[in-house]
Structure formats: C-alpha cells, structure tokens
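Visitor: Got coords_29.tsv for you, TSV, C-alpha atoms:
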chain	number	residue	atom	x	y	z
A	1	MET	CA	96.70	130.63	118.71
A	2	GLY	CA	97.47	127.76	116.36
A	3	ARG	CA	100.96	127.18	115.02
A	4	VAL	CA	101.04	127.67	111.25
A	5	LEU	CA	103.41	125.46	109.27
A	6	ALA	CA	104.03	125.81	105.54
A	7	VAL	CA	105.10	122.61	103.77
A	8	ALA	CA	107.18	123.87	100.86
A	9	ASN	CA	109.66	122.89	98.19
A	10	GLN	CA	109.61	124.28	94.66
A	11	LYS	CA	110.72	120.88	93.35
A	12	GLY	CA	107.86	118.56	92.54
A	13	GLY	CA	107.77	114.89	93.44
A	14	VAL	CA	109.52	115.18	96.80
A	15	GLY	CA	106.62	114.03	98.98
A	16	LYS	CA	105.36	117.51	99.84
A	17	THR	CA	101.63	116.81	99.65
A	18	THR	CA	102.06	113.32	101.14
A	19	THR	CA	103.76	115.00	104.08
A	20	ALA	CA	101.13	117.73	104.44
A	21	VAL	CA	98.27	115.22	104.37
A	22	ASN	CA	99.78	112.60	106.66
A	23	LEU	CA	101.29	115.03	109.15
A	24	SER	CA	97.92	116.79	109.40
A	25	ALA	CA	96.20	113.46	109.91
A	26	GLY	CA	98.80	112.43	112.49
A	27	LEU	CA	98.28	115.60	114.48
A	28	ALA	CA	94.50	115.18	114.35
A	29	LEU	CA	94.71	111.52	115.40
A	30	ALA	CA	96.91	112.62	118.32
A	31	GLY	CA	94.01	114.77	119.51
A	32	HIS	CA	95.12	118.13	118.14
A	33	ARG	CA	92.51	120.20	116.30
A	34	THR	CA	94.18	120.67	112.91
A	35	LEU	CA	93.44	122.56	109.68
A	36	LEU	CA	95.04	121.63	106.37
A	37	ILE	CA	95.07	124.34	103.70
A	38	ASP	CA	95.48	123.15	100.11
A	39	LEU	CA	97.24	126.03	98.38
A	40	ASP	CA	98.41	123.93	95.41
A	41	PRO	CA	96.40	124.31	92.16
A	42	GLN	CA	96.93	120.58	91.55
A	43	SER	CA	94.52	120.06	94.48
A	44	SER	CA	96.18	116.78	95.51
A	45	ALA	CA	95.74	117.39	99.25
A	46	THR	CA	92.03	117.97	98.66
A	47	SER	CA	91.54	114.73	96.72
A	48	GLY	CA	93.86	112.95	99.17
A	49	LEU	CA	91.30	113.64	101.89
A	50	GLY	CA	88.42	112.31	99.81
A	51	LEU	CA	87.03	115.51	98.24
A	52	HIS	CA	86.84	116.00	94.49
A	53	PRO	CA	88.10	119.52	93.59
A	54	ARG	CA	85.35	119.95	90.97
A	55	GLU	CA	82.68	119.34	93.59
A	56	VAL	CA	84.01	121.96	96.01
A	57	GLU	CA	81.62	124.91	96.18
A	58	ALA	CA	84.06	127.35	97.79
A	59	SER	CA	87.82	127.01	98.14
A	60	ILE	CA	90.96	128.78	99.28
A	61	TYR	CA	90.73	130.69	95.98
A	62	HIS	CA	87.59	132.44	97.22
A	63	VAL	CA	89.31	133.24	100.51
A	64	LEU	CA	92.34	134.80	98.79
A	65	ILE	CA	90.66	136.56	95.87
A	66	ASP	CA	87.12	137.26	97.07
A	67	GLN	CA	88.07	137.56	100.75
A	68	ARG	CA	85.54	134.97	101.85
A	69	SER	CA	85.81	134.01	105.50
A	70	ALA	CA	88.16	131.06	106.06
A	71	GLU	CA	85.78	129.83	108.78
A	72	ASP	CA	82.95	129.62	106.23
A	73	VAL	CA	85.00	127.73	103.65
A	74	ALA	CA	86.74	125.20	105.94
A	75	LEU	CA	85.22	121.72	105.77
A	76	GLU	CA	85.13	118.79	108.15
A	77	THR	CA	86.89	115.64	106.94
A	78	LYS	CA	86.30	111.96	107.71
A	79	ILE	CA	88.99	112.20	110.40
A	80	ALA	CA	88.03	113.62	113.79
A	81	ASN	CA	89.83	116.90	114.59
A	82	LEU	CA	90.96	117.37	110.96
A	83	TYR	CA	89.52	120.16	108.82
A	84	LEU	CA	90.33	121.18	105.25
A	85	LEU	CA	90.42	124.46	103.38
A	86	PRO	CA	90.20	122.88	99.92
A	87	ALA	CA	91.67	123.87	96.60
A	88	SER	CA	89.78	124.04	93.32
A	89	ARG	CA	90.61	124.53	89.63
A	90	ASP	CA	90.02	128.27	90.11
A	91	LEU	CA	93.34	128.41	91.96
A	92	ILE	CA	95.21	127.98	88.66
A	93	GLY	CA	94.59	131.63	87.80
A	94	ALA	CA	95.15	132.98	91.29
A	95	GLU	CA	98.84	133.82	90.73
A	96	ILE	CA	97.84	136.29	88.01
A	97	GLU	CA	94.76	137.60	89.81
A	98	LEU	CA	96.78	138.34	92.96
A	99	VAL	CA	99.25	140.62	91.16
A	100	PRO	CA	97.15	143.84	91.09
A	101	LEU	CA	95.58	143.33	94.52
A	102	GLU	CA	96.44	145.46	97.53
A	103	ARG	CA	98.66	143.74	100.12
A	104	ARG	CA	98.80	140.74	97.79
A	105	GLU	CA	101.50	138.93	99.79
A	106	TYR	CA	99.47	139.15	103.03
A	107	ARG	CA	96.16	137.71	101.79
A	108	MET	CA	96.69	134.35	103.48
A	109	ALA	CA	98.05	135.83	106.71
A	110	GLU	CA	95.07	138.16	106.99
A	111	ALA	CA	92.63	135.34	106.22
A	112	LEU	CA	94.02	133.28	109.10
A	113	ILE	CA	93.83	135.98	111.80
A	114	GLN	CA	90.45	134.84	113.10
A	115	ILE	CA	90.60	131.11	112.36
A	116	ARG	CA	93.99	130.62	114.10
A	117	ARG	CA	92.15	130.75	117.42
A	118	ASP	CA	90.18	127.63	116.53
A	119	PHE	CA	93.09	125.30	115.77
A	120	GLU	CA	96.24	124.05	117.46
A	121	PHE	CA	97.98	123.42	114.14
A	122	ILE	CA	97.44	124.83	110.66
A	123	LEU	CA	99.39	123.26	107.78
A	124	ILE	CA	99.67	124.87	104.36
A	125	ASP	CA	100.46	122.65	101.37
A	126	CYS	CA	102.28	125.11	99.10
A	127	PRO	CA	102.59	124.70	95.31
A	128	PRO	CA	105.84	123.38	93.77
A	129	SER	CA	106.96	126.89	92.80
A	130	LEU	CA	108.19	130.11	94.38
A	131	GLY	CA	105.36	132.27	93.06
A	132	LEU	CA	102.83	134.46	94.87
A	133	LEU	CA	100.86	131.54	96.31
A	134	THR	CA	103.95	130.13	98.02
A	135	VAL	CA	104.95	133.64	99.13
A	136	ASN	CA	101.49	133.96	100.72
A	137	GLY	CA	101.94	130.63	102.48
A	138	LEU	CA	105.37	131.56	103.83
A	139	THR	CA	104.22	135.03	104.88
A	140	ALA	CA	101.38	133.49	106.89
A	141	ALA	CA	103.50	130.75	108.49
A	142	ASP	CA	105.35	130.58	111.78
A	143	ALA	CA	107.71	127.98	110.34
A	144	VAL	CA	108.35	125.88	107.24
A	145	VAL	CA	108.76	122.14	106.81
A	146	ILE	CA	110.94	121.31	103.78
A	147	PRO	CA	110.66	117.77	102.34
A	148	LEU	CA	113.83	116.55	100.57
A	149	GLN	CA	113.89	113.41	98.46
A	150	CYS	CA	116.72	110.98	99.26
A	151	GLU	CA	118.12	111.02	95.73
A	152	TYR	CA	121.12	112.46	93.91
A	153	TYR	CA	119.68	115.94	93.33
A	154	ALA	CA	118.24	116.30	96.84
A	155	LEU	CA	119.96	119.61	97.52
A	156	GLU	CA	119.37	120.97	94.03
A	157	GLY	CA	117.12	124.00	94.25
A	158	LEU	CA	117.22	124.09	98.04
A	159	SER	CA	119.38	127.22	97.97
A	160	ALA	CA	116.69	129.03	95.96
A	161	LEU	CA	114.06	128.09	98.55
A	162	LEU	CA	116.34	129.15	101.41
A	163	ASP	CA	116.97	132.47	99.60
A	164	THR	CA	113.21	132.96	99.30
A	165	ILE	CA	112.75	132.19	103.01
A	166	GLY	CA	115.50	134.73	103.77
A	167	PHE	CA	113.75	137.32	101.57
A	168	ILE	CA	110.42	136.66	103.31
A	169	ARG	CA	112.10	137.14	106.69
A	170	GLN	CA	113.66	140.45	105.65
A	171	THR	CA	110.62	141.96	103.99
A	172	LEU	CA	107.34	140.28	104.98
A	173	ASN	CA	107.57	137.88	107.94
A	174	PRO	CA	110.57	138.40	110.24
A	175	GLY	CA	109.48	135.60	112.57
A	176	LEU	CA	109.56	132.84	109.94
A	177	GLU	CA	111.58	129.82	111.13
A	178	ILE	CA	112.68	126.59	109.51
A	179	GLN	CA	110.85	123.88	111.47
A	180	GLY	CA	112.99	121.25	109.82
A	181	LEU	CA	114.18	119.48	106.69
A	182	LEU	CA	112.40	116.17	106.20
A	183	LEU	CA	114.13	113.36	104.32
A	184	THR	CA	111.60	111.46	102.20
A	185	MET	CA	111.45	108.48	99.81
A	186	PHE	CA	114.31	106.75	101.61
A	187	ASP	CA	115.28	103.31	100.27
A	188	LYS	CA	117.50	101.56	102.80
A	189	ARG	CA	118.78	99.15	100.11
A	190	ASN	CA	120.19	102.05	98.10
A	191	SER	CA	123.68	103.16	99.18
A	192	LEU	CA	123.14	106.54	97.49
A	193	ALA	CA	120.15	107.19	99.76
A	194	HIS	CA	122.38	106.69	102.81
A	195	GLN	CA	124.95	109.08	101.30
A	196	VAL	CA	122.25	111.72	100.77
A	197	VAL	CA	121.09	111.38	104.39
A	198	ASN	CA	124.66	111.87	105.64
A	199	GLU	CA	125.28	114.81	103.31
A	200	VAL	CA	122.11	116.64	104.32
A	201	ARG	CA	122.81	116.08	108.02
A	202	GLN	CA	126.36	117.40	107.56
A	203	HIS	CA	125.15	120.54	105.74
A	204	PHE	CA	122.28	121.21	108.17
A	205	PRO	CA	123.23	119.53	111.46
A	206	ASP	CA	120.57	121.24	113.58
A	207	GLN	CA	117.74	121.51	111.07
A	208	VAL	CA	116.98	117.94	109.94
A	209	PHE	CA	114.18	115.89	111.48
A	210	GLU	CA	115.32	112.62	113.05
A	211	SER	CA	112.33	110.91	111.43
A	212	ILE	CA	112.92	109.69	107.87
A	213	ILE	CA	110.08	108.80	105.50
A	214	PRO	CA	110.69	105.58	103.53
A	215	ARG	CA	109.54	104.64	100.08
A	216	ASN	CA	106.35	102.76	100.80
A	217	VAL	CA	103.57	101.30	98.66
A	218	ARG	CA	100.85	102.32	101.13
A	219	LEU	CA	101.92	105.97	100.92
A	220	SER	CA	101.50	105.78	97.14
A	221	GLU	CA	98.19	103.87	97.26
A	222	SER	CA	96.30	105.78	99.90
A	223	PRO	CA	95.59	109.00	97.90
A	224	SER	CA	93.62	107.00	95.33
A	225	TYR	CA	91.31	105.98	98.19
A	226	GLY	CA	90.96	109.58	99.43
A	227	THR	CA	92.48	108.57	102.76
A	228	PRO	CA	95.82	109.40	104.43
A	229	ALA	CA	98.14	106.43	104.93
A	230	MET	CA	97.84	107.16	108.66
A	231	VAL	CA	94.26	105.85	108.39
A	232	TYR	CA	94.48	103.61	105.30
A	233	ASP	CA	97.10	101.33	106.89
A	234	ARG	CA	98.26	102.57	110.29
A	235	ARG	CA	100.78	99.74	110.61
A	236	SER	CA	102.54	100.35	107.29
A	237	ARG	CA	106.12	101.58	107.40
A	238	GLY	CA	105.07	104.87	105.82
A	239	ALA	CA	102.34	105.51	108.37
A	240	GLU	CA	104.63	104.58	111.24
A	241	ALA	CA	107.26	107.02	109.93
A	242	TYR	CA	104.70	109.83	109.81
A	243	ALA	CA	103.52	108.90	113.31
A	244	ALA	CA	107.12	109.29	114.49
A	245	LEU	CA	107.39	112.62	112.67
A	246	THR	CA	104.14	113.77	114.29
A	247	GLU	CA	105.47	112.96	117.75
A	248	GLU	CA	108.78	114.68	116.98
A	249	LEU	CA	106.99	117.81	115.77
A	250	ILE	CA	104.75	117.91	118.85
A	251	GLN	CA	107.76	117.54	121.15
A	252	ASN	CA	109.69	120.26	119.29
A	253	THR	CA	106.67	122.57	119.49
A	254	VAL	CA	106.31	121.98	123.24
A	255	ARG	CA	110.04	122.71	123.80
A	256	SER	CA	109.90	125.93	121.77
The structure given in the file should be rewritten as structure tokens.
Guide:
Amino acid sequence: MGRVLAVANQKGGVGKTTTAVNLSAGLALAGHRTLLIDLDPQSSATSGLGLHPREVEASIYHVLIDQRSAEDVALETKIANLYLLPASRDLIGAEIELVPLERREYRMAEALIQIRRDFEFILIDCPPSLGLLTVNGLTAADAVVIPLQCEYYALEGLSALLDTIGFIRQTLNPGLEIQGLLLTMFDKRNSLAHQVVNEVRQHFPDQVFESIIPRNVRLSESPSYGTPAMVYDRRSRGAEAYAALTEELIQNTVRS
C-alpha cells in the first residue's frame, strides 16, 4: 500500500506546487513508483509536468464528482515511475458541486482505495485554501507536508492549518500525521531568513525537515518548460535541495 502525502498550506506562494512536483519527481527518479495528484484548480502541477490542463480529457474532477476510476484517469509522464492524476478547469466548480454529495469529505480517500496498491508514494497537491478539496486531500492522506516560506509572515496562518489538521484527525482521519514542515525560498544572504529558520525550529523542534529549499532561478524556470527542476537542471541548488529532501523523506518512511 502506497504512502499518501498531502502537500498543503492555505497560503499561496510558499512553494507548495514546486515541492509537490519536485518531490514526486525525486521519488520517481529514486526508483519509487509515484503518483502525483493535482487537486489545485490552478492546475500548476499538471502544466509543470508538461500537460496543458485544457487538453486533458479526464481529470481528478471526474474522479471526485463523476466517480471515474482513478486508474483510468492517471497518466504516464515523461519521467519513468512518475504518473499524474491531472487537474482541469472543471475543478474550479468542484467545491460547490461536492457540497450536496454523500460522503463528500471521503471522495478522494475512496477513489484511492484500489490505486494505492499500485504505487509506493502518492502525493496530493492541495489548493491554497482550507475548503472541501483540501479537506478531501487531508482525509485521504497518511501524513501532510507543510511548506513554509522563509519570510517574516512564515508562521502566519499556520495555526489555522494545524487547527484544520486537528479537526480532520478528530472527525475524519484519526491516523493523519504531520510528515514535516519544509522551509522554502531560503536566501542565505538575508539575516531575516536565518531568524525565521531558527524561530520555526524552536516552535516545532521535532517536526521540521533538515532539508531547506533555497531561492533558485532553476526552480522558477523549470515549470515554463513543463519539467521538474530535478530533471531540468539536476545540478542546480534547487534540484539538489529537493534530492536531499527526497532522501530524508525515504529514510523517515523506512524508520516509521
């Protein structure tokens, strides 16, 4: 059974999709059969792997709303071992369409029951909100990866996300864990960034990944080429940081 990880933060611009795409690619490149699910209506993970959302015939929307088989909708990518359940523009209305549906919070979890057997890792790129799509992602997940930007307001809004995770544990998914907080967009020349790293590690001493993701041009460029930085420029600082994160995640998974 594959380990399901939700990548979530209701704040936008924190490197959430960059993390989902590159961590998925890192796991696949390390030989682990991996599925990335794009649950964000912005569809950035889909385009970041070289697929245009408008050209996708079936998407995660059809899995959630029409109960299409996840196996039928998942697509191969250009990277060996990496598969994608894409997003499409239809997903914009999914929050509203989910409301009247039976067991609306469990749609993702139920969709993954069969397909979990086919993958070692499944990553869910959640939207930058705490709505029903994110609730579905967290309800389906074994653990959550939380990207935090190394800037002044890094911890702003984190309490709301942690409250949501606590609510999900109490009501929908008692086994949900925090896989780790991931510090992103780190600029070593900026003293404030170092202060943020220290502050986050003090607040959450046992829950922060050792790996830190730097600000890096290649991480910003690669989505426009439809390729993860892990493939676009494997030797870039950004790709090397995600390679280190991949190894850390694999080691943590083995230990647990």
Visitor: For a quick check of understanding, using all atoms listed in the file, which of A:Asp142, A:Glu97, A:Asp125, A:Glu240 has the smallest distance to Met1 (chain A)?
Guide: A:Asp142
Visitor: Name the residues in contact with Val231 (chain A) at a cut-off of 12 Å, using only C-alpha atoms, excluding same-chain residues fewer than 3 positions from it; report them as an MDAnalysis selection string.
Guide: chainID A and resid 21:26 28:29 48:49 78:80 218:219 221:223 225:228 234:236 238:240 242:243
Visitor: Just write the chosen residues, C-alpha atoms, as a short mmCIF file (atom, residue, chain, number, x, y, z; two decimals), keeping the file's coordinate frame.
Guide:
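The new file selection11.cif reads:
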data_model
loop_
_atom_site.label_atom_id
_atom_site.label_comp_id
_atom_site.auth_asym_id
_atom_site.auth_seq_id
_atom_site.Cartn_x
_atom_site.Cartn_y
_atom_site.Cartn_z
CA VAL A 21 98.27 115.22 104.37
CA ASN A 22 99.78 112.60 106.66
CA LEU A 23 101.29 115.03 109.15
CA SER A 24 97.92 116.79 109.40
CA ALA A 25 96.20 113.46 109.91
CA GLY A 26 98.80 112.43 112.49
CA ALA A 28 94.50 115.18 114.35
CA LEU A 29 94.71 111.52 115.40
CA GLY A 48 93.86 112.95 99.17
CA LEU A 49 91.30 113.64 101.89
CA LYS A 78 86.30 111.96 107.71
CA ILE A 79 88.99 112.20 110.40
CA ALA A 80 88.03 113.62 113.79
CA ARG A 218 100.85 102.32 101.13
CA LEU A 219 101.92 105.97 100.92
CA GLU A 221 98.19 103.87 97.26
CA SER A 222 96.30 105.78 99.90
CA PRO A 223 95.59 109.00 97.90
CA TYR A 225 91.31 105.98 98.19
CA GLY A 226 90.96 109.58 99.43
CA THR A 227 92.48 108.57 102.76
CA PRO A 228 95.82 109.40 104.43
CA ARG A 234 98.26 102.57 110.29
CA ARG A 235 100.78 99.74 110.61
CA SER A 236 102.54 100.35 107.29
CA GLY A 238 105.07 104.87 105.82
CA ALA A 239 102.34 105.51 108.37
CA GLU A 240 104.63 104.58 111.24
CA TYR A 242 104.70 109.83 109.81
CA ALA A 243 103.52 108.90 113.31
#
Visitor: Report as number ranges by chain all protein, DNA and RNA residues lying within 12 Å of Tyr61 (chain A), evaluated on all atoms listed in the file, omitting residues in the same chain fewer than 4 positions from it.
Guide: A: 37-41, 43, 53, 56-57, 65-70, 73, 85-95, 97-98, 107-108, 111, 133
Visitor: Kindly indicate which residue among A:Cys150, A:Val4, A:Gly157, A:His194 lies nearest to Gly175 (chain A), using all atoms listed in the file for the distances.
Guide: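 Nearest candidate to Gly175 (chain A) out of A:Cys150, A:Val4, A:Gly157, A:His194: A:Val4.
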Visitor: Would you list the residues near (92.0, 123.6, 112.2) (no more than 8 Å away, in the coordinates of the file, using all atoms listed in the file) as a ChimeraX atom specification?
Guide: /A:33-36,81-84,115-116,118-122
Visitor: Next, write the just-selected residues to a file, as a compact mmCIF listing (two decimals), keeping the file's coordinate frame, keeping C-alpha atoms as the atom set.
Guide:
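Final output, saved to selection_16.txt:
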# COMPACT_ATOMS: atom_id res chain seq x y z
CA ARG A 33 92.51 120.20 116.30
CA THR A 34 94.18 120.67 112.91
CA LEU A 35 93.44 122.56 109.68
CA LEU A 36 95.04 121.63 106.37
CA ASN A 81 89.83 116.90 114.59
CA LEU A 82 90.96 117.37 110.96
CA TYR A 83 89.52 120.16 108.82
CA LEU A 84 90.33 121.18 105.25
CA ILE A 115 90.60 131.11 112.36
CA ARG A 116 93.99 130.62 114.10
CA ASP A 118 90.18 127.63 116.53
CA PHE A 119 93.09 125.30 115.77
CA GLU A 120 96.24 124.05 117.46
CA PHE A 121 97.98 123.42 114.14
CA ILE A 122 97.44 124.83 110.66
Visitor: Please export region 181-208 of chain A as a compact mmCIF listing (two decimals), in the first residue's frame, restricted to N, CA and C atoms.
Guide:
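File part06.txt, as written:
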# COMPACT_ATOMS: atom_id res chain seq x y z
N LEU A 181 7.41 20.01 8.47
CA LEU A 181 7.36 21.37 7.96
C LEU A 181 8.61 21.58 7.11
N LEU A 182 8.41 22.12 5.91
CA LEU A 182 9.50 22.29 4.97
C LEU A 182 9.76 23.78 4.76
N LEU A 183 10.96 24.22 5.09
CA LEU A 183 11.33 25.62 4.90
C LEU A 183 11.74 25.85 3.45
N THR A 184 11.10 26.82 2.80
CA THR A 184 11.31 27.06 1.38
C THR A 184 11.73 28.50 1.13
N MET A 185 12.23 28.75 -0.09
CA MET A 185 12.60 30.11 -0.54
C MET A 185 13.61 30.75 0.40
N PHE A 186 14.58 29.96 0.85
CA PHE A 186 15.59 30.44 1.79
C PHE A 186 16.68 31.21 1.04
N ASP A 187 16.97 32.41 1.51
CA ASP A 187 18.03 33.24 0.95
C ASP A 187 19.10 33.40 2.03
N LYS A 188 20.23 32.74 1.85
CA LYS A 188 21.25 32.72 2.90
C LYS A 188 21.86 34.09 3.15
N ARG A 189 21.70 35.04 2.20
CA ARG A 189 22.24 36.38 2.38
C ARG A 189 21.34 37.26 3.24
N ASN A 190 20.13 36.76 3.50
CA ASN A 190 19.13 37.54 4.23
C ASN A 190 19.11 37.11 5.70
N SER A 191 19.45 38.02 6.59
CA SER A 191 19.50 37.67 8.02
C SER A 191 18.13 37.28 8.55
N LEU A 192 17.07 37.90 7.99
CA LEU A 192 15.71 37.57 8.42
C LEU A 192 15.39 36.11 8.13
N ALA A 193 15.86 35.61 6.98
CA ALA A 193 15.61 34.21 6.63
C ALA A 193 16.21 33.28 7.67
N HIS A 194 17.40 33.60 8.15
CA HIS A 194 18.04 32.79 9.20
C HIS A 194 17.23 32.86 10.50
N GLN A 195 16.70 34.05 10.81
CA GLN A 195 15.87 34.20 12.01
C GLN A 195 14.60 33.35 11.91
N VAL A 196 13.99 33.32 10.72
CA VAL A 196 12.78 32.53 10.51
C VAL A 196 13.08 31.05 10.70
N VAL A 197 14.20 30.58 10.15
CA VAL A 197 14.59 29.17 10.30
C VAL A 197 14.71 28.83 11.79
N ASN A 198 15.40 29.67 12.54
CA ASN A 198 15.60 29.43 13.97
C ASN A 198 14.27 29.44 14.72
N GLU A 199 13.41 30.39 14.37
CA GLU A 199 12.12 30.51 15.05
C GLU A 199 11.24 29.28 14.81
N VAL A 200 11.19 28.84 13.56
CA VAL A 200 10.36 27.67 13.23
C VAL A 200 10.91 26.43 13.93
N ARG A 201 12.22 26.27 13.93
CA ARG A 201 12.82 25.10 14.60
C ARG A 201 12.58 25.14 16.11
N GLN A 202 12.55 26.34 16.70
CA GLN A 202 12.27 26.45 18.13
C GLN A 202 10.82 26.09 18.44
N HIS A 203 9.90 26.55 17.59
CA HIS A 203 8.47 26.28 17.81
C HIS A 203 8.12 24.81 17.56
N PHE A 204 8.79 24.21 16.57
CA PHE A 204 8.46 22.83 16.17
C PHE A 204 9.74 22.01 16.09
N PRO A 205 10.37 21.74 17.22
CA PRO A 205 11.70 21.12 17.21
C PRO A 205 11.77 19.74 16.58
N ASP A 206 10.69 19.00 16.60
CA ASP A 206 10.71 17.62 16.08
C ASP A 206 9.97 17.45 14.77
N GLN A 207 9.50 18.57 14.19
CA GLN A 207 8.62 18.44 13.03
C GLN A 207 9.12 19.18 11.80
N VAL A 208 10.35 19.66 11.81
CA VAL A 208 10.88 20.41 10.68
C VAL A 208 11.90 19.55 9.93
